[in-house]
file final03.tsv (TSV, C-alpha atoms)
chain	number	residue	atom	x	y	z
A	172	MET	CA	-54.83	-30.93	-35.32
A	173	ASP	CA	-55.00	-31.31	-31.56
A	174	PHE	CA	-51.95	-29.94	-29.77
A	175	ARG	CA	-53.08	-30.88	-26.28
A	176	PHE	CA	-51.40	-33.59	-24.25
A	177	ALA	CA	-53.15	-36.96	-24.26
A	178	PRO	CA	-55.36	-37.84	-21.24
A	179	GLU	CA	-52.81	-40.41	-20.00
A	180	GLU	CA	-50.08	-37.77	-20.24
A	181	GLU	CA	-52.20	-35.36	-18.19
A	182	ALA	CA	-52.73	-38.16	-15.65
A	183	PHE	CA	-48.95	-38.60	-15.43
A	184	ARG	CA	-48.61	-34.83	-14.92
A	185	ARG	CA	-51.03	-35.00	-11.97
A	186	GLU	CA	-49.08	-37.93	-10.52
A	187	VAL	CA	-45.88	-35.88	-10.71
A	188	GLN	CA	-47.62	-32.87	-9.17
A	189	SER	CA	-48.83	-34.89	-6.21
A	190	PHE	CA	-45.37	-36.45	-5.71
A	191	LEU	CA	-43.85	-32.96	-5.66
A	192	GLY	CA	-46.58	-31.77	-3.30
A	193	GLU	CA	-45.76	-34.57	-0.88
A	194	ASN	CA	-41.99	-34.28	-1.05
A	195	LEU	CA	-41.30	-30.55	-1.20
A	196	PRO	CA	-42.07	-28.14	1.65
A	197	PRO	CA	-45.08	-25.96	0.64
A	198	ASP	CA	-42.93	-22.81	0.73
A	199	TRP	CA	-39.99	-24.35	-1.14
A	200	ASP	CA	-38.57	-21.54	-3.25
A	201	HIS	CA	-34.92	-21.97	-4.16
A	202	ASP	CA	-33.05	-22.00	-7.42
A	203	PRO	CA	-33.15	-25.60	-8.66
A	204	PHE	CA	-29.65	-25.59	-10.18
A	205	GLU	CA	-27.79	-23.22	-7.87
A	206	ILE	CA	-28.15	-25.42	-4.82
A	207	ARG	CA	-26.81	-23.77	-1.69
A	208	GLU	CA	-24.56	-25.72	0.61
A	209	ASP	CA	-27.20	-25.88	3.36
A	210	HIS	CA	-29.64	-27.44	0.86
A	211	TRP	CA	-27.42	-30.21	-0.47
A	212	GLY	CA	-28.64	-32.73	2.11
A	213	PHE	CA	-32.27	-32.09	1.22
A	214	ALA	CA	-31.46	-32.09	-2.49
A	215	ARG	CA	-29.73	-35.48	-2.30
A	216	ASP	CA	-32.59	-36.99	-0.27
A	217	PHE	CA	-35.13	-35.64	-2.74
A	218	THR	CA	-33.08	-37.05	-5.62
A	219	ARG	CA	-33.04	-40.48	-3.95
A	220	LYS	CA	-36.85	-40.40	-3.74
A	221	LEU	CA	-37.04	-39.60	-7.45
A	222	ALA	CA	-34.57	-42.40	-8.15
A	223	ALA	CA	-36.63	-44.88	-6.11
A	224	ARG	CA	-39.47	-44.28	-8.58
A	225	ARG	CA	-37.05	-44.42	-11.52
A	226	TRP	CA	-38.03	-40.85	-12.23
A	227	ILE	CA	-34.55	-39.42	-12.74
A	228	ALA	CA	-34.66	-40.29	-16.44
A	229	PRO	CA	-37.90	-42.25	-16.96
A	230	ALA	CA	-37.53	-42.28	-20.76
A	231	TRP	CA	-34.24	-44.21	-20.63
A	232	PRO	CA	-34.29	-47.98	-21.13
A	233	GLN	CA	-35.06	-50.12	-18.08
A	234	GLU	CA	-31.62	-51.77	-18.07
A	235	TYR	CA	-29.99	-48.39	-17.40
A	236	GLY	CA	-32.34	-47.42	-14.59
A	237	GLY	CA	-35.13	-45.76	-16.57
A	238	LEU	CA	-38.67	-46.94	-17.21
A	239	GLY	CA	-38.61	-46.92	-20.99
A	240	LEU	CA	-41.44	-44.37	-20.99
A	241	ASP	CA	-42.27	-42.15	-23.94
A	242	PHE	CA	-39.94	-39.13	-24.02
A	243	MET	CA	-42.85	-36.72	-23.55
A	244	ARG	CA	-43.35	-38.14	-20.03
A	245	GLN	CA	-39.81	-37.08	-19.21
A	246	VAL	CA	-40.61	-33.65	-20.64
A	247	ILE	CA	-43.70	-33.41	-18.42
A	248	LEU	CA	-41.66	-34.45	-15.39
A	249	SER	CA	-39.00	-31.81	-16.04
A	250	GLU	CA	-41.65	-29.14	-16.64
A	251	GLU	CA	-43.33	-29.87	-13.32
A	252	MET	CA	-40.01	-30.05	-11.47
A	253	ALA	CA	-38.94	-26.72	-12.95
A	254	TYR	CA	-42.27	-25.12	-12.08
A	255	ARG	CA	-41.92	-26.21	-8.44
A	256	ARG	CA	-38.20	-25.28	-8.49
A	257	ALA	CA	-37.45	-28.79	-7.25
A	258	PRO	CA	-33.73	-29.28	-6.54
A	259	ASN	CA	-32.09	-30.75	-9.60
A	260	THR	CA	-28.74	-32.37	-8.92
A	261	SER	CA	-28.79	-34.56	-12.01
A	262	GLN	CA	-29.40	-32.10	-14.83
A	263	ILE	CA	-26.02	-32.48	-16.51
A	264	GLY	CA	-26.20	-36.27	-16.33
A	265	ILE	CA	-29.80	-36.51	-17.54
A	266	VAL	CA	-29.90	-33.80	-20.17
A	267	TYR	CA	-26.34	-33.51	-21.56
A	268	ALA	CA	-24.04	-36.40	-20.68
A	269	GLY	CA	-26.42	-39.37	-20.57
A	270	PRO	CA	-28.10	-38.81	-23.95
A	271	THR	CA	-24.65	-38.34	-25.54
A	272	ILE	CA	-23.40	-41.60	-24.02
A	273	ILE	CA	-26.56	-43.29	-25.32
A	274	VAL	CA	-25.73	-42.03	-28.84
A	275	TYR	CA	-21.92	-42.46	-28.90
A	276	GLY	CA	-20.98	-44.72	-25.99
A	277	ASN	CA	-20.27	-48.44	-26.32
A	278	GLU	CA	-22.27	-51.00	-24.36
A	279	GLU	CA	-19.65	-51.25	-21.59
A	280	GLN	CA	-19.71	-47.45	-21.14
A	281	LYS	CA	-23.50	-47.38	-21.05
A	282	ARG	CA	-23.51	-50.02	-18.32
A	283	GLN	CA	-20.77	-48.23	-16.43
A	284	PHE	CA	-22.05	-44.64	-16.55
A	285	LEU	CA	-25.82	-44.58	-17.03
A	286	PRO	CA	-26.96	-46.40	-13.84
A	287	GLY	CA	-25.00	-43.91	-11.71
A	288	ILE	CA	-27.03	-41.11	-13.30
A	289	THR	CA	-30.42	-42.78	-12.89
A	290	SER	CA	-29.68	-43.71	-9.26
A	291	GLY	CA	-28.78	-40.09	-8.53
A	292	GLU	CA	-25.52	-41.23	-6.93
A	293	ILE	CA	-23.14	-39.83	-9.54
A	294	VAL	CA	-23.32	-36.10	-10.11
A	295	TRP	CA	-21.85	-35.05	-13.45
A	296	CYS	CA	-20.15	-31.77	-14.13
A	297	GLN	CA	-19.25	-30.19	-17.43
A	298	GLY	CA	-15.89	-28.58	-18.16
A	299	TYR	CA	-15.63	-27.10	-21.64
A	300	SER	CA	-14.63	-23.45	-21.29
A	301	GLU	CA	-11.05	-22.24	-21.13
A	302	PRO	CA	-9.56	-18.90	-20.06
A	303	ASN	CA	-8.56	-18.00	-23.64
A	304	ALA	CA	-11.65	-19.42	-25.33
A	305	GLY	CA	-14.53	-18.60	-23.01
A	306	SER	CA	-17.64	-20.15	-24.49
A	307	ASP	CA	-16.16	-20.20	-28.01
A	308	LEU	CA	-15.38	-23.89	-28.04
A	309	ALA	CA	-13.78	-23.77	-31.50
A	310	SER	CA	-10.88	-21.93	-29.82
A	311	LEU	CA	-10.10	-24.55	-27.16
A	312	GLN	CA	-6.41	-25.39	-26.63
A	313	ALA	CA	-6.40	-28.32	-24.20
A	314	THR	CA	-4.85	-31.54	-25.42
A	315	ALA	CA	-4.36	-35.04	-24.09
A	316	VAL	CA	-1.60	-37.40	-25.17
A	317	ARG	CA	-2.06	-41.15	-25.46
A	318	ASP	CA	0.23	-43.12	-23.15
A	319	GLY	CA	-0.48	-46.83	-23.29
A	320	ASP	CA	-3.98	-47.43	-21.98
A	321	ASP	CA	-4.32	-43.89	-20.65
A	322	TYR	CA	-4.68	-40.34	-21.88
A	323	VAL	CA	-2.56	-37.79	-20.06
A	324	SER	CA	-3.73	-34.19	-20.01
A	325	ALA	CA	-1.41	-31.27	-20.46
A	326	THR	CA	-1.79	-28.64	-17.75
A	327	SER	CA	-4.99	-26.70	-18.39
A	328	SER	CA	-7.84	-25.07	-16.58
A	329	ARG	CA	-11.60	-24.94	-17.08
A	330	PRO	CA	-13.43	-22.03	-15.54
A	331	TRP	CA	-17.24	-22.04	-15.36
A	332	THR	CA	-17.54	-25.70	-14.47
A	333	ARG	CA	-20.93	-26.42	-13.03
A	334	ARG	CA	-21.29	-28.84	-10.15
A	335	ALA	CA	-17.55	-29.52	-9.70
A	336	SER	CA	-17.83	-28.89	-5.98
A	337	ALA	CA	-20.74	-31.29	-5.51
B	96	MET	CA	-12.96	-35.81	-9.18
B	97	ASP	CA	-10.46	-37.48	-6.81
B	98	THR	CA	-8.15	-38.43	-9.70
B	99	PRO	CA	-4.63	-37.11	-8.96
B	100	GLY	CA	-3.86	-33.81	-10.70
B	101	ILE	CA	-7.37	-32.33	-10.50
B	102	SER	CA	-7.93	-29.31	-8.30
B	103	VAL	CA	-11.04	-27.17	-7.90
B	104	MET	CA	-11.41	-23.51	-7.03
B	105	PRO	CA	-14.84	-21.98	-6.44
B	106	LEU	CA	-15.99	-18.96	-8.47
B	107	VAL	CA	-18.47	-16.70	-6.72
B	108	ASN	CA	-20.62	-14.59	-9.05
B	109	MET	CA	-21.90	-11.04	-8.58
B	110	ALA	CA	-25.15	-12.37	-7.10
B	111	ASP	CA	-23.02	-14.06	-4.38
B	112	MET	CA	-23.82	-17.50	-5.75
B	113	ARG	CA	-21.39	-20.36	-6.15
B	114	GLY	CA	-22.78	-22.09	-9.19
B	115	PHE	CA	-19.45	-22.47	-10.93
B	116	ASN	CA	-15.93	-23.60	-10.20
B	117	GLN	CA	-12.63	-23.45	-11.96
B	118	ILE	CA	-10.99	-26.82	-12.45
B	119	PHE	CA	-7.28	-27.28	-13.00
B	120	PHE	CA	-5.82	-30.33	-14.75
B	121	ASP	CA	-2.17	-31.10	-14.16
B	122	ASN	CA	-0.99	-34.27	-15.89
B	123	VAL	CA	-4.24	-36.06	-15.17
B	124	ARG	CA	-4.32	-39.68	-16.33
B	125	VAL	CA	-7.64	-40.96	-17.66
B	126	PRO	CA	-8.09	-44.55	-18.86
B	127	ALA	CA	-8.64	-44.58	-22.63
B	128	ARG	CA	-11.67	-46.85	-22.21
B	129	TYR	CA	-13.54	-43.84	-20.78
B	130	ARG	CA	-13.29	-42.01	-24.11
B	131	ILE	CA	-16.76	-41.60	-25.62
B	132	GLY	CA	-16.72	-42.05	-29.40
B	133	GLU	CA	-13.75	-42.32	-31.74
B	134	GLU	CA	-10.35	-40.75	-31.17
B	135	ASN	CA	-10.05	-37.23	-32.65
B	136	ARG	CA	-13.84	-37.00	-33.09
B	137	GLY	CA	-14.36	-35.38	-29.69
B	138	TRP	CA	-15.63	-32.15	-31.23
B	139	TYR	CA	-18.66	-33.93	-32.65
B	140	VAL	CA	-19.38	-35.71	-29.38
B	141	ALA	CA	-19.06	-32.42	-27.50
B	142	MET	CA	-21.37	-30.70	-30.00
B	143	THR	CA	-23.95	-33.40	-29.43
B	144	THR	CA	-23.93	-32.73	-25.70
B	145	LEU	CA	-24.55	-29.08	-26.58
B	146	ASP	CA	-27.46	-29.98	-28.85
B	147	PHE	CA	-28.98	-31.64	-25.79
B	148	GLU	CA	-27.90	-28.91	-23.36
B	149	ARG	CA	-29.54	-26.22	-25.46
B	150	SER	CA	-32.90	-27.98	-25.58
B	151	ASN	CA	-34.13	-25.85	-22.64
B	152	ILE	CA	-37.11	-28.03	-21.91
B	153	SER	CA	-37.49	-26.89	-18.33
B	154	SER	CA	-36.89	-23.18	-18.99
B	155	ALA	CA	-40.40	-22.39	-20.16
B	156	ALA	CA	-41.99	-23.88	-17.04
B	157	ALA	CA	-39.49	-22.08	-14.80
B	158	ALA	CA	-40.20	-18.77	-16.56
B	159	ARG	CA	-43.96	-19.34	-16.29
B	160	ARG	CA	-43.70	-19.76	-12.52
B	161	THR	CA	-41.65	-16.57	-12.15
B	162	PHE	CA	-44.06	-14.73	-14.43
B	163	GLU	CA	-47.09	-15.86	-12.40
B	164	GLU	CA	-45.41	-14.52	-9.26
B	165	LEU	CA	-44.85	-11.19	-10.96
B	166	VAL	CA	-48.52	-11.04	-12.01
B	167	ARG	CA	-49.58	-11.82	-8.43
B	168	PHE	CA	-47.28	-9.10	-7.09
B	169	SER	CA	-48.73	-6.62	-9.61
B	170	ARG	CA	-52.25	-7.48	-8.42
B	171	ASP	CA	-51.43	-7.11	-4.74
B	172	ALA	CA	-49.03	-4.16	-4.76
B	173	GLY	CA	-49.35	-0.53	-5.69
B	174	ASN	CA	-49.30	2.93	-4.28
B	175	GLY	CA	-52.91	4.15	-4.08
B	176	GLY	CA	-54.00	1.70	-6.78
B	177	ARG	CA	-52.99	-1.68	-8.10
B	178	LEU	CA	-49.91	-1.91	-10.30
B	179	ILE	CA	-51.75	-4.19	-12.65
B	180	ASP	CA	-54.24	-1.42	-13.47
B	181	THR	CA	-51.44	0.70	-14.91
B	182	PRO	CA	-51.49	0.38	-18.72
B	183	GLY	CA	-47.70	0.14	-19.05
B	184	VAL	CA	-47.59	-2.74	-16.56
B	185	ARG	CA	-50.50	-4.55	-18.21
B	186	TYR	CA	-48.98	-4.34	-21.69
B	187	ARG	CA	-45.62	-5.51	-20.40
B	188	LEU	CA	-47.17	-8.49	-18.63
B	189	ALA	CA	-49.25	-9.37	-21.68
B	190	GLU	CA	-46.13	-9.31	-23.83
B	191	MET	CA	-44.29	-11.57	-21.39
B	192	ALA	CA	-47.22	-14.01	-21.38
B	193	ILE	CA	-47.04	-14.27	-25.18
B	194	GLU	CA	-43.28	-14.75	-25.16
B	195	ILE	CA	-43.37	-17.45	-22.49
B	196	GLU	CA	-45.97	-19.35	-24.49
B	197	THR	CA	-43.84	-18.99	-27.64
B	198	GLY	CA	-40.82	-20.32	-25.74
B	199	ARG	CA	-42.83	-23.28	-24.54
B	200	PHE	CA	-43.65	-24.31	-28.09
B	201	LEU	CA	-40.03	-23.88	-29.23
B	202	SER	CA	-39.12	-26.33	-26.45
B	203	TYR	CA	-41.86	-28.75	-27.43
B	204	ARG	CA	-40.47	-28.72	-30.95
B	205	VAL	CA	-37.11	-29.88	-29.60
B	206	ALA	CA	-38.84	-32.42	-27.37
B	207	SER	CA	-40.78	-33.90	-30.27
B	208	ILE	CA	-37.50	-34.40	-32.20
B	209	GLN	CA	-36.02	-36.21	-29.19
B	210	ALA	CA	-39.22	-38.21	-28.81
B	211	ARG	CA	-38.62	-39.55	-32.34
B	212	GLY	CA	-35.13	-40.64	-31.22
B	213	GLU	CA	-33.39	-37.96	-33.27
B	214	ILE	CA	-30.80	-35.40	-32.15
B	215	PRO	CA	-32.08	-31.83	-32.29
B	216	ASN	CA	-29.66	-29.27	-33.72
B	217	TYR	CA	-30.55	-25.75	-34.88
B	218	GLU	CA	-33.94	-26.26	-33.23
B	219	SER	CA	-32.12	-26.46	-29.86
B	220	SER	CA	-30.19	-23.32	-30.71
B	221	ALA	CA	-33.46	-21.51	-31.42
B	222	ALA	CA	-34.92	-22.63	-28.07
B	223	LYS	CA	-31.74	-21.72	-26.20
B	224	LEU	CA	-31.41	-18.31	-27.86
B	225	TYR	CA	-35.04	-17.47	-27.26
B	226	HIS	CA	-35.15	-18.58	-23.64
B	227	SER	CA	-31.88	-16.98	-22.59
B	228	GLU	CA	-32.96	-13.63	-24.02
B	229	LEU	CA	-36.50	-14.07	-22.70
B	230	ASN	CA	-35.12	-14.64	-19.20
B	231	GLN	CA	-33.24	-11.36	-19.43
B	232	ARG	CA	-36.39	-9.53	-20.55
B	233	LEU	CA	-38.37	-11.19	-17.76
B	234	ALA	CA	-35.79	-10.17	-15.14
B	235	GLN	CA	-35.78	-6.62	-16.48
B	236	SER	CA	-39.59	-6.50	-16.48
B	237	GLY	CA	-39.62	-7.66	-12.86
B	238	VAL	CA	-37.08	-5.09	-11.74
B	239	GLU	CA	-38.96	-2.31	-13.54
B	240	ILE	CA	-42.47	-3.29	-12.47
B	241	MET	CA	-41.51	-3.88	-8.84
B	242	GLY	CA	-39.68	-0.58	-8.63
B	243	LEU	CA	-37.43	-0.32	-5.57
B	244	TYR	CA	-38.63	-3.71	-4.32
B	245	GLY	CA	-37.22	-5.20	-7.51
B	246	GLN	CA	-33.73	-4.12	-6.49
B	247	VAL	CA	-33.76	-5.52	-2.95
B	248	ARG	CA	-31.82	-8.73	-2.37
B	249	GLU	CA	-33.10	-11.78	-0.54
B	250	LYS	CA	-31.53	-11.06	2.85
B	251	SER	CA	-33.27	-7.70	3.32
B	252	LYS	CA	-36.52	-7.44	5.32
B	253	HIS	CA	-37.88	-5.42	2.38
B	254	ALA	CA	-37.29	-8.24	-0.08
B	255	ARG	CA	-40.29	-9.47	-2.07
B	256	LEU	CA	-40.46	-12.76	-3.96
B	257	ARG	CA	-37.26	-13.64	-2.09
B	258	GLY	CA	-35.35	-11.02	-4.02
B	259	ARG	CA	-35.72	-13.12	-7.14
B	260	PHE	CA	-35.62	-10.34	-9.71
B	261	ALA	CA	-32.71	-8.52	-8.06
B	262	ARG	CA	-30.86	-11.82	-8.37
B	263	THR	CA	-31.98	-12.96	-11.83
B	264	TYR	CA	-31.33	-9.48	-13.25
B	265	LEU	CA	-27.66	-10.29	-12.55
B	266	THR	CA	-27.57	-14.03	-13.16
B	267	SER	CA	-29.50	-13.95	-16.45
B	268	ILE	CA	-26.73	-11.89	-18.07
B	269	GLY	CA	-24.52	-14.98	-18.27
B	270	SER	CA	-27.23	-17.04	-19.96
B	271	THR	CA	-26.61	-15.45	-23.37
B	272	VAL	CA	-22.95	-16.45	-23.09
B	273	ALA	CA	-23.09	-19.90	-21.48
B	274	ALA	CA	-23.69	-22.92	-23.75
B	275	GLY	CA	-22.67	-20.75	-26.71
B	276	THR	CA	-23.30	-17.04	-27.14
B	277	SER	CA	-26.37	-15.66	-28.89
B	278	GLU	CA	-24.10	-14.90	-31.86
B	279	VAL	CA	-23.04	-18.56	-32.04
B	280	GLN	CA	-26.69	-19.65	-31.88
B	281	ARG	CA	-27.70	-17.21	-34.63
B	282	ASN	CA	-24.90	-18.52	-36.85
B	283	ILE	CA	-26.06	-22.10	-36.27
B	284	ILE	CA	-29.66	-21.18	-37.10
B	285	ALA	CA	-28.54	-19.26	-40.20
B	286	GLN	CA	-26.24	-21.96	-41.57
B	287	ARG	CA	-27.85	-25.23	-40.56
B	288	GLY	CA	-31.46	-24.11	-40.19
B	289	LEU	CA	-31.82	-21.63	-43.06
B	290	GLY	CA	-29.02	-22.95	-45.26
B	291	LEU	CA	-27.35	-19.54	-45.50
B	292	PRO	CA	-23.63	-19.35	-46.38
B	293	ARG	CA	-21.06	-19.26	-43.61
B	294	ALA	CA	-20.57	-15.77	-42.14

call {"tool": "encode", "arguments": {"input": "final03.tsv", "output": "structure tokens"}}
result
Amino acid sequence: MDFRFAPEEEAFRREVQSFLGENLPPDWDHDPFEIREDHWGFARDFTRKLAARRWIAPAWPQEYGGLGLDFMRQVILSEEMAYRRAPNTSQIGIVYAGPTIIVYGNEEQKRQFLPGITSGEIVWCQGYSEPNAGSDLASLQATAVRDGDDYVSATSSRPWTRRASA
Amino acid sequence: MDTPGISVMPLVNMADMRGFNQIFFDNVRVPARYRIGEENRGWYVAMTTLDFERSNISSAAAARRTFEELVRFSRDAGNGGRLIDTPGVRYRLAEMAIEIETGRFLSYRVASIQARGEIPNYESSAAKLYHSELNQRLAQSGVEIMGLYGQVREKSKHARLRGRFARTYLTSIGSTVAAGTSEVQRNIIAQRGLGLPRA
């Protein structure tokens, strides 16, 4: 059994490497997820360049802003981005929220939410933890009550929310 | 985030980074059409996001980069001899190289499940558990191998590798809590992966 990547996958890896070489300063060395305030401008510009190539989530279907590529291409892209510590403003949208919407969302929700992720314009954040539950999600207390066409949250707080300040 | 009733307060961690915030909800109205999945099935939807979150596909590549920098430092630095010629340092680096490669294949396993259009589950927990603990071992190796340099933060003129290990030694502690603790991951692997009875 041959565990190596296929030649066309290696070619894609080289394409990604040269894109990163052209669009990141040679001495770029910052944490990709903990983007400092003075790097947000650069991070958003870089994200737009990725989006212009439809490289935010290239394995997603074309109608939602992807390229419909094999999932392993997306894996290669994220490996190379991580290796270069490229700023990653879209991680929660690409890796957590988007795939879940693809599985559970209806068509209207897919059309509403997915293009904002693949264009890099909508930054998602994740708020699960609670003060009395921490990361033990089975102990969450927050509730929402249905009121006509809306849900209304009770008062609650979510510490440890990534990206909420973006 | 500009919906009435939402307020945000930054949380600064012990490495002086602002990666997280606390959000407060006070009678926030959200249109029901934004609900993903069926009513009262939110747990399962949320668990699916975690199956994806825990896939850790980029972690192995990130760890490899950090590891390569540590190897380079060990080649270049030393007091009257290169660090990398010290047996303890060599063995430690060799061990890290093996672990990073192992982590990479755990991630590829998750990736191949996603490539088939399936949702990974205990396989993601295994990748997440392994990488979060590996990152702690890597940070500790860096701090130990670099000696005093390993404890100097980025802003100091004595900082090496931009103070990376002094920082990740602190920040990697949270990684075995976030996205589910190591205990939660081990329970998932035991029950769903190995079919053991509930603890």

call {"tool": "residues_around", "arguments": {"input": "final03.tsv", "residues": "Arg177 in chain B", "least_positions_apart": "5", "cutoff": "12 Å", "atoms": "all atoms listed in the file", "output": "NGL selection string"}}
result
:B and (166-172 or 182 or 184-185 or 240-241)

call {"tool": "closest_residue", "arguments": {"input": "final03.tsv", "among": "B:Ile195, B:Val140, B:Ala127, B:Ile283", "to": "Gly276 in chain A", "atoms": "all atoms listed in the file"}}
result
B:Val140

call {"tool": "interface_residues", "arguments": {"input": "final03.tsv", "of": "chain B", "to": "chain A", "cutoff": "6 Å", "atoms": "only C-alpha atoms", "output": "PyMOL selection string"}}
result
chain B and resi 114-127+131-132+144+147-148+153+156-157+160+210+275

call {"tool": "atom_distance", "arguments": {"input": "final03.tsv", "atom1": "CA of Pro197 in chain A", "atom2": "CA of Phe260 in chain B"}}
result
21.0 Å

call {"tool": "atom_distance", "arguments": {"input": "final03.tsv", "atom1": "CA of Gln312 in chain A", "atom2": "CA of Ile284 in chain B"}}
result
25.8 Å

call {"tool": "atom_distance", "arguments": {"input": "final03.tsv", "atom1": "CA of Gly291 in chain A", "atom2": "CA of Pro215 in chain B"}}
result
25.4 Å

call {"tool": "residues_around", "arguments": {"input": "final03.tsv", "residues": "Arg224 in chain A", "least_positions_apart": "2", "cutoff": "10 Å", "atoms": "only C-alpha atoms", "output": "list in words"}}
result
Arg219, Lys220, Leu221, Ala222, Trp226, Ile227, Pro229, Gly236, Gly237, Leu238 and Ser290 of chain A

call {"tool": "build_atoms", "arguments": {"input": "final03.tsv", "residues": "range 98-117 of chain B", "atoms": "N, CA and C atoms", "output": "mmCIF file, keeping the file's coordinate frame"}}
result
data_model
loop_
_atom_site.group_PDB
_atom_site.id
_atom_site.type_symbol
_atom_site.label_atom_id
_atom_site.label_comp_id
_atom_site.auth_asym_id
_atom_site.auth_seq_id
_atom_site.Cartn_x
_atom_site.Cartn_y
_atom_site.Cartn_z
ATOM 1 N N THR B 98 -9.298 -38.024 -8.893
ATOM 2 C CA THR B 98 -8.150 -38.430 -9.700
ATOM 3 C C THR B 98 -6.988 -37.465 -9.424
ATOM 4 N N PRO B 99 -5.765 -38.003 -9.228
ATOM 5 C CA PRO B 99 -4.630 -37.110 -8.960
ATOM 6 C C PRO B 99 -4.436 -36.094 -10.086
ATOM 7 N N GLY B 100 -4.116 -34.853 -9.705
ATOM 8 C CA GLY B 100 -3.860 -33.810 -10.700
ATOM 9 C C GLY B 100 -5.034 -32.879 -10.912
ATOM 10 N N ILE B 101 -6.210 -33.213 -10.351
ATOM 11 C CA ILE B 101 -7.370 -32.330 -10.500
ATOM 12 C C ILE B 101 -7.500 -31.472 -9.250
ATOM 13 N N SER B 102 -7.610 -30.167 -9.446
ATOM 14 C CA SER B 102 -7.930 -29.310 -8.300
ATOM 15 C C SER B 102 -9.060 -28.360 -8.674
ATOM 16 N N VAL B 103 -9.821 -27.941 -7.675
ATOM 17 C CA VAL B 103 -11.040 -27.170 -7.900
ATOM 18 C C VAL B 103 -10.996 -25.884 -7.092
ATOM 19 N N MET B 104 -11.345 -24.787 -7.743
ATOM 20 C CA MET B 104 -11.410 -23.510 -7.030
ATOM 21 C C MET B 104 -12.778 -22.878 -7.288
ATOM 22 N N PRO B 105 -13.501 -22.537 -6.225
ATOM 23 C CA PRO B 105 -14.840 -21.980 -6.440
ATOM 24 C C PRO B 105 -14.813 -20.597 -7.078
ATOM 25 N N LEU B 106 -15.818 -20.294 -7.894
ATOM 26 C CA LEU B 106 -15.990 -18.960 -8.470
ATOM 27 C C LEU B 106 -17.311 -18.419 -7.936
ATOM 28 N N VAL B 107 -17.257 -17.288 -7.269
ATOM 29 C CA VAL B 107 -18.470 -16.700 -6.720
ATOM 30 C C VAL B 107 -18.917 -15.584 -7.654
ATOM 31 N N ASN B 108 -20.189 -15.598 -8.072
ATOM 32 C CA ASN B 108 -20.620 -14.590 -9.050
ATOM 33 C C ASN B 108 -21.120 -13.322 -8.362
ATOM 34 N N MET B 109 -21.541 -12.338 -9.162
ATOM 35 C CA MET B 109 -21.900 -11.040 -8.580
ATOM 36 C C MET B 109 -23.212 -11.096 -7.810
ATOM 37 N N ALA B 110 -23.954 -12.205 -7.931
ATOM 38 C CA ALA B 110 -25.150 -12.370 -7.100
ATOM 39 C C ALA B 110 -24.810 -13.200 -5.856
ATOM 40 N N ASP B 111 -23.514 -13.318 -5.553
ATOM 41 C CA ASP B 111 -23.020 -14.060 -4.380
ATOM 42 C C ASP B 111 -23.365 -15.541 -4.435
ATOM 43 N N MET B 112 -23.495 -16.078 -5.638
ATOM 44 C CA MET B 112 -23.820 -17.500 -5.750
ATOM 45 C C MET B 112 -22.595 -18.265 -6.241
ATOM 46 N N ARG B 113 -22.532 -19.528 -5.802
ATOM 47 C CA ARG B 113 -21.390 -20.360 -6.150
ATOM 48 C C ARG B 113 -21.811 -21.457 -7.103
ATOM 49 N N GLY B 114 -22.319 -21.072 -8.248
ATOM 50 C CA GLY B 114 -22.780 -22.090 -9.190
ATOM 51 C C GLY B 114 -21.660 -22.705 -9.992
ATOM 52 N N PHE B 115 -20.532 -22.020 -10.061
ATOM 53 C CA PHE B 115 -19.450 -22.470 -10.930
ATOM 54 C C PHE B 115 -18.138 -22.604 -10.178
ATOM 55 N N ASN B 116 -17.272 -23.414 -10.742
ATOM 56 C CA ASN B 116 -15.930 -23.600 -10.200
ATOM 57 C C ASN B 116 -14.939 -23.560 -11.341
ATOM 58 N N GLN B 117 -13.693 -23.293 -10.980
ATOM 59 C CA GLN B 117 -12.630 -23.450 -11.960
ATOM 60 C C GLN B 117 -11.899 -24.739 -11.635
#
